[in-house]
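A.B. asks: Quick one: the structure is below, questions incoming.
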Amino acid sequence: MPELIRVGMADYKVGKAPATVISYGLGSCIGISLYDPQTKIGGLLHIMLPDSTQARASDNPAKFADTGLPLMLNDVLALGASRARLVAKIAGGAQMFAFANATDIMRVGARNAEAAKKMLKDLGIKLVAEDTGGTYGRTVSINLEDGVYTVKTINKGEKLI
């Protein structure tokens, strides 16, 4: 049976086929996968917030899109992935709660999705699929054998992207 690598909140893991990397219960958080289809090496990052510059210096860098993604990228490349072949998929970024008079700061899910896309673009990594927004949580996994990114939701079923 292939290894199941679990990624916690504000965490990331990398691996090789035939492993599957999974993260449970993304609400406003984003699950960002990187995958090299030739070497079958990839990773999954579970970010909570878009920008580390608005946090304490001692915070976990995997918590943020701008600091977590470069860390995971370096680890995927160290395993033997090619930066030129890497593709990314993202899911999550839900608006889990409704606020009267909501300000932009309350739109954490949307801001996370925007930050993930900007970081991928800045790093030159092609975003090939996404499942973001809505008002529901997701569990995500990437099968490192074939690069299929599975998004599971309660009452909405399962989607392969």
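Here's how to read the names in the structure tokens: chain A, B, ... by the order shown, residue numbers from 1 in each chain, ligand numbers from 1 in the order shown.
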Just asking: which residues within chain A are alpha helix (DSSP H) according to DSSP, as a PyMOL selection string?
C.D. replies: chain A and resi 65-79+108-123
A.B. asks: Would you write out those residues with C-alpha atoms, as a compact mmCIF listing (two decimals), in the first residue's frame?
C.D. replies:
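Just written: again.txt:
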```
# COMPACT_ATOMS: atom_id res chain seq x y z
CA ALA A 65 2.05 31.89 0.95
CA ASP A 66 5.03 34.20 0.52
CA THR A 67 7.40 32.22 2.76
CA GLY A 68 5.99 28.66 2.66
CA LEU A 69 5.95 28.21 -1.10
CA PRO A 70 9.68 28.97 -1.62
CA LEU A 71 10.53 26.51 1.20
CA MET A 72 8.49 23.71 -0.36
CA LEU A 73 9.85 24.53 -3.82
CA ASN A 74 13.43 24.16 -2.56
CA ASP A 75 12.64 20.78 -0.96
CA VAL A 76 10.91 19.47 -4.11
CA LEU A 77 13.91 20.52 -6.22
CA ALA A 78 16.30 18.91 -3.71
CA LEU A 79 14.46 15.60 -4.20
CA VAL A 108 -8.99 35.68 4.29
CA GLY A 109 -9.89 32.89 1.85
CA ALA A 110 -9.95 35.14 -1.20
CA ARG A 111 -6.75 36.89 -0.10
CA ASN A 112 -5.06 33.50 0.39
CA ALA A 113 -6.04 32.41 -3.13
CA GLU A 114 -4.78 35.67 -4.64
CA ALA A 115 -1.49 35.42 -2.72
CA ALA A 116 -0.96 31.78 -3.79
CA LYS A 117 -1.49 32.68 -7.45
CA LYS A 118 0.81 35.70 -7.22
CA MET A 119 3.57 33.67 -5.53
CA LEU A 120 3.34 30.91 -8.15
CA LYS A 121 3.54 33.50 -10.93
CA ASP A 122 6.51 35.22 -9.26
CA LEU A 123 8.29 31.85 -8.99
```
A.B. asks: Near A:Val87, within 12 Å and counting only C-alpha atoms, which residues show up once chain neighbours fewer than 6 positions away are dropped, as a ChimeraX atom specification?
C.D. replies: /A:32-38,40-44,73,76,81,120-121,123-130,147-149
A.B. asks: Can those selected residues be exported to a file as an mmCIF file, in the first residue's frame so that it contains N, CA and C atoms?
C.D. replies:
```cif
data_model
loop_
_atom_site.group_PDB
_atom_site.id
_atom_site.type_symbol
_atom_site.label_atom_id
_atom_site.label_comp_id
_atom_site.auth_asym_id
_atom_site.auth_seq_id
_atom_site.Cartn_x
_atom_site.Cartn_y
_atom_site.Cartn_z
ATOM 1 N N ILE A 32 -1.661 24.102 -1.635
ATOM 2 C CA ILE A 32 -0.917 24.336 -2.876
ATOM 3 C C ILE A 32 -0.074 23.101 -3.163
ATOM 4 N N SER A 33 -0.299 22.483 -4.332
ATOM 5 C CA SER A 33 0.525 21.338 -4.712
ATOM 6 C C SER A 33 1.495 21.738 -5.808
ATOM 7 N N LEU A 34 2.685 21.148 -5.741
ATOM 8 C CA LEU A 34 3.671 21.243 -6.818
ATOM 9 C C LEU A 34 3.935 19.816 -7.279
ATOM 10 N N TYR A 35 4.104 19.628 -8.599
ATOM 11 C CA TYR A 35 4.297 18.268 -9.114
ATOM 12 C C TYR A 35 5.140 18.287 -10.385
ATOM 13 N N ASP A 36 6.104 17.372 -10.429
ATOM 14 C CA ASP A 36 6.908 17.139 -11.625
ATOM 15 C C ASP A 36 6.451 15.806 -12.210
ATOM 16 N N PRO A 37 5.754 15.815 -13.353
ATOM 17 C CA PRO A 37 5.200 14.577 -13.902
ATOM 18 C C PRO A 37 6.243 13.573 -14.392
ATOM 19 N N GLN A 38 7.433 14.014 -14.691
ATOM 20 C CA GLN A 38 8.458 13.076 -15.175
ATOM 21 C C GLN A 38 9.109 12.303 -14.033
ATOM 22 N N LYS A 40 7.886 12.281 -10.940
ATOM 23 C CA LYS A 40 6.812 11.911 -10.004
ATOM 24 C C LYS A 40 7.150 12.338 -8.577
ATOM 25 N N ILE A 41 7.717 13.539 -8.497
ATOM 26 C CA ILE A 41 8.067 14.174 -7.223
ATOM 27 C C ILE A 41 7.142 15.376 -7.044
ATOM 28 N N GLY A 42 6.677 15.569 -5.814
ATOM 29 C CA GLY A 42 5.807 16.695 -5.558
ATOM 30 C C GLY A 42 5.691 17.017 -4.091
ATOM 31 N N GLY A 43 4.817 17.964 -3.800
ATOM 32 C CA GLY A 43 4.599 18.364 -2.422
ATOM 33 C C GLY A 43 3.275 19.063 -2.272
ATOM 34 N N LEU A 44 2.897 19.252 -1.003
ATOM 35 C CA LEU A 44 1.651 19.924 -0.666
ATOM 36 C C LEU A 44 1.905 20.848 0.514
ATOM 37 N N LEU A 73 9.207 24.598 -2.508
ATOM 38 C CA LEU A 73 9.852 24.526 -3.819
ATOM 39 C C LEU A 73 11.293 24.029 -3.689
ATOM 40 N N VAL A 76 11.307 20.262 -2.941
ATOM 41 C CA VAL A 76 10.907 19.466 -4.112
ATOM 42 C C VAL A 76 12.077 19.392 -5.107
ATOM 43 N N ALA A 81 13.159 17.059 -8.540
ATOM 44 C CA ALA A 81 12.185 17.623 -9.482
ATOM 45 C C ALA A 81 12.863 18.689 -10.334
ATOM 46 N N LEU A 120 3.032 31.874 -7.090
ATOM 47 C CA LEU A 120 3.339 30.908 -8.152
ATOM 48 C C LEU A 120 3.826 31.634 -9.404
ATOM 49 N N LYS A 121 3.138 32.719 -9.753
ATOM 50 C CA LYS A 121 3.538 33.502 -10.934
ATOM 51 C C LYS A 121 4.936 34.072 -10.738
ATOM 52 N N LEU A 123 7.306 32.927 -8.966
ATOM 53 C CA LEU A 123 8.294 31.848 -8.986
ATOM 54 C C LEU A 123 8.378 31.166 -10.355
ATOM 55 N N GLY A 124 7.517 31.583 -11.287
ATOM 56 C CA GLY A 124 7.539 31.010 -12.636
ATOM 57 C C GLY A 124 6.964 29.612 -12.721
ATOM 58 N N ILE A 125 6.018 29.287 -11.837
ATOM 59 C CA ILE A 125 5.407 27.956 -11.829
ATOM 60 C C ILE A 125 3.988 28.072 -12.371
ATOM 61 N N LYS A 126 3.674 27.235 -13.349
ATOM 62 C CA LYS A 126 2.377 27.292 -14.019
ATOM 63 C C LYS A 126 1.274 26.702 -13.141
ATOM 64 N N LEU A 127 0.224 27.497 -12.923
ATOM 65 C CA LEU A 127 -0.970 27.028 -12.214
ATOM 66 C C LEU A 127 -1.876 26.379 -13.254
ATOM 67 N N VAL A 128 -2.120 25.063 -13.131
ATOM 68 C CA VAL A 128 -2.886 24.340 -14.148
ATOM 69 C C VAL A 128 -4.315 24.031 -13.727
ATOM 70 N N ALA A 129 -4.633 24.140 -12.429
ATOM 71 C CA ALA A 129 -6.005 23.863 -11.983
ATOM 72 C C ALA A 129 -6.231 24.484 -10.617
ATOM 73 N N GLU A 130 -7.499 24.837 -10.357
ATOM 74 C CA GLU A 130 -7.839 25.355 -9.035
ATOM 75 C C GLU A 130 -9.295 25.074 -8.711
ATOM 76 N N GLY A 147 -0.156 12.625 -10.356
ATOM 77 C CA GLY A 147 -0.370 14.061 -10.220
ATOM 78 C C GLY A 147 -1.814 14.482 -10.028
ATOM 79 N N VAL A 148 -2.723 13.510 -9.870
ATOM 80 C CA VAL A 148 -4.131 13.855 -9.687
ATOM 81 C C VAL A 148 -4.322 14.486 -8.315
ATOM 82 N N TYR A 149 -4.960 15.645 -8.317
ATOM 83 C CA TYR A 149 -5.236 16.414 -7.103
ATOM 84 C C TYR A 149 -6.716 16.209 -6.797
#
```
A.B. asks: Counting only C-alpha atoms, which residues of stretch 55-145 of chain A fall within 6 Å of stretch 6-26 of chain A, and what is the closest atom pair for each with its distance in Å at one decimal, ordered by chain and rising number, as a tab-separated table?
C.D. replies:
```
residue	atom	partner	partner_atom	distance
A:Ala62	CA	A:Ala10	CA	5.0
A:Lys63	CA	A:Ala10	CA	4.0
A:Gly92	CA	A:Leu26	CA	5.8
A:Gly137	CA	A:Leu26	CA	5.4
A:Arg138	CA	A:Leu26	CA	5.1
A:Thr139	CA	A:Tyr24	CA	4.5
A:Val140	CA	A:Ser23	CA	5.5
A:Ser141	CA	A:Ile22	CA	4.1
A:Ile142	CA	A:Val21	CA	5.4
A:Asn143	CA	A:Thr20	CA	4.4
A:Leu144	CA	A:Ala17	CA	4.6
A:Glu145	CA	A:Ala17	CA	4.7
```
A.B. asks: For atom CA of A:Leu45 and atom CA of A:Gly31, determine how far apart the two atoms are, in Å to one decimal place.
C.D. replies: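 Going from atom CA of A:Leu45 over to atom CA of A:Gly31 covers 5.5 Å.
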A.B. asks: For A:Ala94, which of A:Gly27, A:Ser82, A:Thr53, A:Pro61 is the closest residue, counting only C-alpha atoms?
C.D. replies: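 Closest candidate: A:Gly27.
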A.B. asks: Expressed in Å to a single decimal, how great is the separation between atom CA of A:His46 and atom CA of A:Gly133?
C.D. replies: 15.5 Å
A.B. asks: State, in Å with one decimal place, the distance from atom CA of A:Ile161 to atom CA of A:Asn60.
C.D. replies: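 Spanning atom CA of A:Ile161 to atom CA of A:Asn60 is a straight-line distance of 28.6 Å.
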A.B. asks: Would you mind telling me which residue in A:Pro2, A:Leu49, A:Phe97, A:Asp131 lies nearest to A:Thr150 when using only C-alpha atoms?
C.D. replies: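 Ranking A:Pro2, A:Leu49, A:Phe97, A:Asp131 by distance to A:Thr150, first place goes to A:Asp131.
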